[in-house]
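> As input, take input_14.txt (compact mmCIF, C-alpha atoms and all ligand atoms):
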# COMPACT_ATOMS: atom_id res chain seq x y z
CA ALA A 1 15.67 2.98 43.68
CA ALA A 2 17.42 5.65 45.72
CA ALA A 3 15.92 7.09 48.89
CA ALA A 4 13.27 9.68 48.04
CA ALA A 5 14.69 12.17 50.55
CA ALA A 6 18.15 12.26 48.94
CA PRO A 7 18.73 15.27 46.67
CA PRO A 8 19.65 14.43 43.08
CA ARG A 9 23.41 14.40 42.56
CA LEU A 10 25.34 15.83 39.63
CA ILE A 11 26.96 12.85 37.93
CA LEU A 12 28.95 13.20 34.72
CA ASP A 13 29.13 10.26 32.28
CA LEU A 14 32.82 10.37 31.35
CA GLU A 15 32.47 7.86 28.49
CA ALA A 16 29.72 9.92 26.81
CA LEU A 17 31.78 13.07 27.41
CA HIS A 18 34.72 11.71 25.44
CA HIS A 19 32.49 10.95 22.44
CA LEU A 20 31.31 14.56 22.10
CA ASP A 21 32.55 17.15 19.62
CA ALA A 22 35.66 18.73 21.14
CA GLY A 23 34.59 22.30 20.28
CA GLU A 24 31.54 22.59 22.50
CA ALA A 25 32.48 19.91 25.01
CA GLY A 26 36.12 21.07 25.37
CA PRO A 27 35.72 23.28 28.45
CA LEU A 28 33.66 20.63 30.27
CA THR A 29 36.12 17.89 29.29
CA ARG A 30 39.06 19.92 30.61
CA TYR A 31 37.18 20.83 33.81
CA ALA A 32 36.30 17.19 34.51
CA ALA A 33 39.89 16.12 33.80
CA THR A 34 41.12 18.72 36.31
CA ILE A 35 38.78 17.40 39.02
CA GLN A 36 39.88 13.82 38.30
CA ALA A 37 43.51 14.88 38.63
CA GLN A 38 42.89 16.76 41.88
CA ARG A 39 41.15 13.71 43.36
CA GLY A 40 43.45 11.14 41.82
CA ASP A 41 40.21 9.55 40.56
CA TYR A 42 41.11 8.19 37.12
CA ASN A 43 39.34 4.85 36.90
CA GLY A 44 35.70 5.87 37.09
CA LYS A 45 33.10 5.70 34.30
CA VAL A 46 31.30 8.53 36.08
CA LEU A 47 32.38 11.55 38.14
CA SER A 48 30.26 13.16 40.86
CA ILE A 49 30.79 16.91 40.89
CA ARG A 50 29.90 19.79 43.18
CA GLN A 51 26.92 22.11 42.81
CA ASP A 52 29.45 24.95 42.82
CA ASP A 53 31.15 23.41 39.80
CA MET A 54 27.96 23.79 37.72
CA ARG A 55 27.91 27.49 38.63
CA THR A 56 31.55 27.83 37.59
CA LEU A 57 30.85 25.98 34.33
CA ALA A 58 27.87 28.29 33.72
CA VAL A 59 30.23 31.28 33.84
CA ILE A 60 32.64 29.53 31.47
CA TYR A 61 29.82 28.71 29.00
CA ASP A 62 28.11 32.12 29.52
CA GLU A 63 24.77 30.41 30.28
CA SER A 64 22.49 30.22 33.32
CA PRO A 65 23.14 27.15 35.50
CA THR A 66 19.64 25.87 34.62
CA THR A 67 20.17 26.21 30.86
CA LEU A 68 23.61 24.60 31.07
CA THR A 69 22.29 21.73 33.19
CA GLU A 70 19.60 21.04 30.57
CA ARG A 71 22.16 21.26 27.78
CA PHE A 72 24.52 18.77 29.47
CA ILE A 73 21.54 16.42 30.01
CA SER A 74 20.61 16.73 26.30
CA TRP A 75 24.22 15.87 25.40
CA GLY A 76 23.85 12.71 27.48
CA VAL A 77 26.75 13.60 29.80
CA LEU A 78 24.72 14.56 32.91
CA ASN A 79 22.16 12.41 34.73
CA PRO A 80 18.57 13.59 34.00
CA GLU A 81 17.83 13.65 37.75
CA ALA A 82 20.18 16.65 37.98
CA LYS A 83 17.49 18.82 36.36
CA GLY A 84 16.29 21.33 38.93
CA ASP A 85 19.14 20.43 41.30
CA VAL A 86 21.22 23.52 40.61
CA GLU A 87 19.73 26.60 42.20
CA GLU A 88 19.64 29.87 40.31
CA THR A 89 21.68 32.62 41.90
CA THR A 90 21.28 36.32 41.20
CA GLU A 91 24.58 38.10 41.65
P1 LIG B 101 39.37 20.37 49.40
O1 LIG B 101 38.16 21.02 48.85
O2 LIG B 101 40.14 21.11 50.45
O3 LIG B 101 38.92 18.96 49.96
C1 LIG B 101 39.84 18.16 50.72
C2 LIG B 101 39.31 16.76 50.84
O4 LIG B 101 38.05 16.78 51.56
C3 LIG B 101 39.02 16.10 49.52
O5 LIG B 101 40.19 15.48 49.00
C4 LIG B 101 37.97 15.07 49.91
O6 LIG B 101 38.57 13.94 50.50
C5 LIG B 101 37.17 15.80 50.98
N1 LIG B 101 36.00 16.48 50.41
C6 LIG B 101 35.77 17.81 50.30
N2 LIG B 101 34.53 18.07 49.83
C7 LIG B 101 33.95 16.86 49.64
C8 LIG B 101 32.66 16.46 49.16
O7 LIG B 101 31.74 17.25 48.82
N3 LIG B 101 32.45 15.10 49.09
C9 LIG B 101 33.42 14.21 49.41
N4 LIG B 101 33.15 12.90 49.26
N5 LIG B 101 34.61 14.56 49.89
C10 LIG B 101 34.88 15.86 50.00
P2 LIG B 101 40.29 15.13 47.45
O8 LIG B 101 39.07 14.41 46.96
O9 LIG B 101 41.60 14.43 47.26
O10 LIG B 101 40.35 16.53 46.71
C11 LIG B 101 41.52 17.37 46.81
C12 LIG B 101 41.20 18.77 46.36
O11 LIG B 101 40.84 18.73 44.96
C13 LIG B 101 40.02 19.41 47.06
O12 LIG B 101 40.44 20.03 48.25
C14 LIG B 101 39.57 20.43 46.04
O13 LIG B 101 40.40 21.58 46.09
C15 LIG B 101 39.82 19.71 44.72
N6 LIG B 101 38.62 19.00 44.26
C16 LIG B 101 38.40 17.67 44.26
N7 LIG B 101 37.20 17.38 43.74
C17 LIG B 101 36.64 18.57 43.41
C18 LIG B 101 35.38 18.92 42.81
O14 LIG B 101 34.51 18.10 42.52
N8 LIG B 101 35.18 20.25 42.59
C19 LIG B 101 36.09 21.20 42.94
N9 LIG B 101 35.77 22.48 42.73
N10 LIG B 101 37.29 20.90 43.51
C20 LIG B 101 37.55 19.60 43.73
P1 LIG B 102 26.50 6.38 44.39
O1 LIG B 102 26.87 7.77 44.77
O2 LIG B 102 25.12 6.17 43.84
O3 LIG B 102 27.59 5.89 43.34
C1 LIG B 102 27.43 4.65 42.68
C2 LIG B 102 28.70 4.26 41.99
O4 LIG B 102 28.99 5.21 40.96
C3 LIG B 102 29.94 4.24 42.88
O5 LIG B 102 30.06 3.00 43.52
C4 LIG B 102 31.05 4.44 41.89
O6 LIG B 102 31.34 3.22 41.24
C5 LIG B 102 30.43 5.37 40.87
N1 LIG B 102 30.75 6.78 41.18
C6 LIG B 102 29.93 7.77 41.56
N2 LIG B 102 30.59 8.93 41.65
C7 LIG B 102 31.87 8.66 41.31
C8 LIG B 102 33.04 9.47 41.19
O7 LIG B 102 33.05 10.71 41.41
N3 LIG B 102 34.17 8.83 40.80
C9 LIG B 102 34.20 7.49 40.54
N4 LIG B 102 35.37 6.95 40.19
N5 LIG B 102 33.12 6.71 40.64
C10 LIG B 102 31.97 7.29 41.01
P2 LIG B 102 30.91 2.90 44.89
O8 LIG B 102 32.20 3.63 44.76
O9 LIG B 102 30.96 1.45 45.23
O10 LIG B 102 30.03 3.68 45.96
C11 LIG B 102 28.78 3.11 46.36
C12 LIG B 102 28.00 4.12 47.18
O11 LIG B 102 28.75 4.45 48.36
C13 LIG B 102 27.76 5.44 46.46
O12 LIG B 102 26.63 5.37 45.63
C14 LIG B 102 27.54 6.35 47.64
O13 LIG B 102 26.23 6.20 48.14
C15 LIG B 102 28.54 5.82 48.66
N6 LIG B 102 29.80 6.58 48.51
C16 LIG B 102 30.94 6.22 47.89
N7 LIG B 102 31.86 7.18 47.96
C17 LIG B 102 31.26 8.19 48.64
C18 LIG B 102 31.69 9.49 49.03
O14 LIG B 102 32.82 9.94 48.74
N8 LIG B 102 30.78 10.25 49.70
C19 LIG B 102 29.53 9.80 50.02
N9 LIG B 102 28.70 10.59 50.70
N10 LIG B 102 29.08 8.58 49.66
C20 LIG B 102 29.95 7.80 48.98
P1 LIG B 103 28.91 13.62 48.77
O1 LIG B 103 30.28 13.22 49.16
O2 LIG B 103 27.79 12.66 49.04
O3 LIG B 103 28.60 15.01 49.47
C1 LIG B 103 27.28 15.57 49.44
C2 LIG B 103 27.31 17.01 49.90
O4 LIG B 103 27.78 17.08 51.25
C3 LIG B 103 28.28 17.85 49.09
O5 LIG B 103 27.59 18.32 47.92
C4 LIG B 103 28.60 18.97 50.08
O6 LIG B 103 27.56 19.91 50.11
C5 LIG B 103 28.62 18.24 51.41
N1 LIG B 103 29.99 17.80 51.76
C6 LIG B 103 30.47 16.54 51.81
N2 LIG B 103 31.75 16.52 52.23
C7 LIG B 103 32.09 17.82 52.47
C8 LIG B 103 33.30 18.45 52.90
O7 LIG B 103 34.35 17.82 53.16
N3 LIG B 103 33.27 19.81 53.01
C9 LIG B 103 32.16 20.53 52.70
N4 LIG B 103 32.21 21.87 52.81
N5 LIG B 103 30.99 19.96 52.29
C10 LIG B 103 30.98 18.62 52.16
P2 LIG B 103 28.46 18.80 46.67
O8 LIG B 103 29.51 19.76 47.11
O9 LIG B 103 27.47 19.30 45.68
O10 LIG B 103 29.19 17.50 46.11
C11 LIG B 103 28.47 16.50 45.42
C12 LIG B 103 29.29 15.25 45.28
O11 LIG B 103 30.46 15.52 44.46
C13 LIG B 103 29.83 14.70 46.57
O12 LIG B 103 28.84 13.90 47.18
C14 LIG B 103 31.02 13.86 46.08
O13 LIG B 103 30.55 12.64 45.51
C15 LIG B 103 31.57 14.72 44.95
N6 LIG B 103 32.63 15.61 45.46
C16 LIG B 103 32.55 16.93 45.62
N7 LIG B 103 33.70 17.44 46.05
C17 LIG B 103 34.56 16.39 46.17
C18 LIG B 103 35.92 16.29 46.58
O14 LIG B 103 36.63 17.27 46.93
N8 LIG B 103 36.47 15.06 46.54
C19 LIG B 103 35.74 13.96 46.18
N9 LIG B 103 36.36 12.78 46.21
N10 LIG B 103 34.44 14.02 45.81
C20 LIG B 103 33.87 15.23 45.80
Show this structure as structure tokens.
Ligand code: C2E
Ligand code: C2E
Ligand code: C2E

Amino acid sequence: AAAAAAPPRLILDLEALHHLDAGEAGPLTRYAATIQAQRGDYNGKVLSIRQDDMRTLAVIYDESPTTLTERFISWGVLNPEAKGDVEETTE
């Protein structure tokens, strides 16, 4: 088990992502592919992403970060521990 003090990370399951319907998952798939390319990180089964990236994805999907986090978890592409990790921002 991980240390209790560590905050939950946002970890995408790339294998599960590629099995999703392209329509809804398309923007997330392209976003993850862009991050992989920027890092040169092509061999992973998972991809750790930034908190800021969930906020950006929330704008793309026109959802609140909390709703989108729950949706990605229900799709099986985001670790369940991520729930509650992304803070709501009012802008
Ligand atoms: P950058 O943001 O200027 O980061 C430069 C380098 O600092 C990164 O090179 C990485 O080695 C390190 N770095 C920055 N933030 C973190 C972090 O939170 N954790 C870790 N472990 N290292 C960090 P790298 O990985 O080759 O990425 C190159 C550029 O690609 C980054 O430049 C950034 O513009 C973009 N990028 C990479 N991964 C992400 C991501 O997850 N989200 C976003 N938004 N951009 C990313
Ligand atoms: P962790 O964060 O729990 O990650 C466990 C394993 O998941 C990693 O083992 C790696 O195989 C995979 N993984 C997680 N995120 C990514 C990702 O964005 N890309 C890829 N390709 N794989 C990922 P690994 O690499 O042996 O790392 C073991 C532990 O070392 C990590 O556990 C973490 O605690 C630490 N670590 C590795 N790289 C970094 C880093 O860039 N920043 C920080 N802070 N810790 C790191
Ligand atoms: P991590 O590497 O364990 O970093 C944990 C947190 O430390 C990051 O959360 C960020 O708040 C801070 N941090 C680490 N390195 C840097 C840095 O170079 N510059 C800044 N400004 N902050 C840094 P965050 O942003 O939510 O990222 C979560 C995880 O996503 C990171 O865990 C890492 O695994 C991955 N990640 C994010 N950005 C990059 C990146 O540019 N390159 C790589 N290789 N991994 C990244």
> Residues of chain A within 9 Å of ligand LIG 102 (chain B): nearest atom pair and distance (Å, one decimal) for each, counting all atoms listed in the file, sorted by chain and number, as a Markdown table?

| residue | atom | partner | partner_atom | distance |
| --- | --- | --- | --- | --- |
| A:Ala2 | CA | B:LIG102 | O2 | 7.9 |
| A:Arg9 | CA | B:LIG102 | O1 | 7.8 |
| A:Leu10 | CA | B:LIG102 | N2 | 8.9 |
| A:Ile11 | CA | B:LIG102 | N2 | 6.5 |
| A:Leu12 | CA | B:LIG102 | O7 | 8.2 |
| A:Gln36 | CA | B:LIG102 | N3 | 8.0 |
| A:Arg39 | CA | B:LIG102 | O7 | 8.9 |
| A:Asp41 | CA | B:LIG102 | N4 | 5.5 |
| A:Tyr42 | CA | B:LIG102 | N4 | 6.6 |
| A:Asn43 | CA | B:LIG102 | N4 | 5.6 |
| A:Gly44 | CA | B:LIG102 | N4 | 3.3 |
| A:Lys45 | CA | B:LIG102 | N5 | 6.4 |
| A:Val46 | CA | B:LIG102 | C10 | 5.1 |
| A:Leu47 | CA | B:LIG102 | O7 | 3.4 |
| A:Ser48 | CA | B:LIG102 | O7 | 3.8 |
| A:Ile49 | CA | B:LIG102 | O7 | 6.6 |
> Could you put an axis-aligned box around every listed atom of ligand LIG 101 (chain B), padded by 6 Å on each side, and send me its centre and edge lengths in Å to one decimal, as JSON?

{"center_x": 36.7, "center_y": 17.7, "center_z": 47.0, "size_x": 21.9, "size_y": 21.6, "size_z": 21.0}
> Kindly provide, as a count of residues only, the polymer residues lying within 7 Å of (16.5, 24.5, 34.0), counting only C-alpha atoms and using the coordinates exactly as they appear in the file.
6
> As a list in words, please: the residues near Pro27 in chain A (cut-off 9 Å, only C-alpha atoms, same-chain neighbours under 4 positions excluded).
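Residues near the query, excluding close chain neighbours: Ala22, Gly23, Tyr31, Ala32, Leu57, Ile60 and Tyr61 of chain A.
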> Go ahead and save the residues from that selection, with C-alpha atoms, as a PDB file, in the coordinates of the input.

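Now in part02.pdb:
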ATOM      1  CA  ALA A  22      35.660  18.730  21.140  1.00  0.00           C
ATOM      2  CA  GLY A  23      34.590  22.300  20.280  1.00  0.00           C
ATOM      3  CA  TYR A  31      37.180  20.830  33.810  1.00  0.00           C
ATOM      4  CA  ALA A  32      36.300  17.190  34.510  1.00  0.00           C
ATOM      5  CA  LEU A  57      30.850  25.980  34.330  1.00  0.00           C
ATOM      6  CA  ILE A  60      32.640  29.530  31.470  1.00  0.00           C
ATOM      7  CA  TYR A  61      29.820  28.710  29.000  1.00  0.00           C
TER       8      TYR A  61
END
> For ligand LIG 101 (chain B), which residue out of A:Leu14, A:Leu20, A:Thr29, A:Gln38 is the nearest one, using all atoms listed in the file?
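Counting all atoms listed in the file, the residue closest to ligand LIG 101 (chain B) is A:Gln38.
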> Please compute the atom O4 of ligand LIG 101 (chain B)-CA of Gly40 in chain A distance, one decimal, in Å.
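Interatomic distance here is 12.5 Å.
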> Work out how far apart atom C15 of ligand LIG 103 (chain B) and CA of Ala16 in chain A are and give it in Å to one decimal.
18.9 Å
> Which distance in Å separates atom C5 of ligand LIG 101 (chain B) and CA of Ser74 in chain A, to one decimal?
29.7 Å
> Measuring atom to atom with all atoms listed in the file, identify which of A:Arg30, A:His19, A:Arg50, A:Arg71 is nearest to ligand LIG 103 (chain B).
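When distances to ligand LIG 103 (chain B) are compared using all atoms listed in the file, the smallest one comes from A:Arg50.
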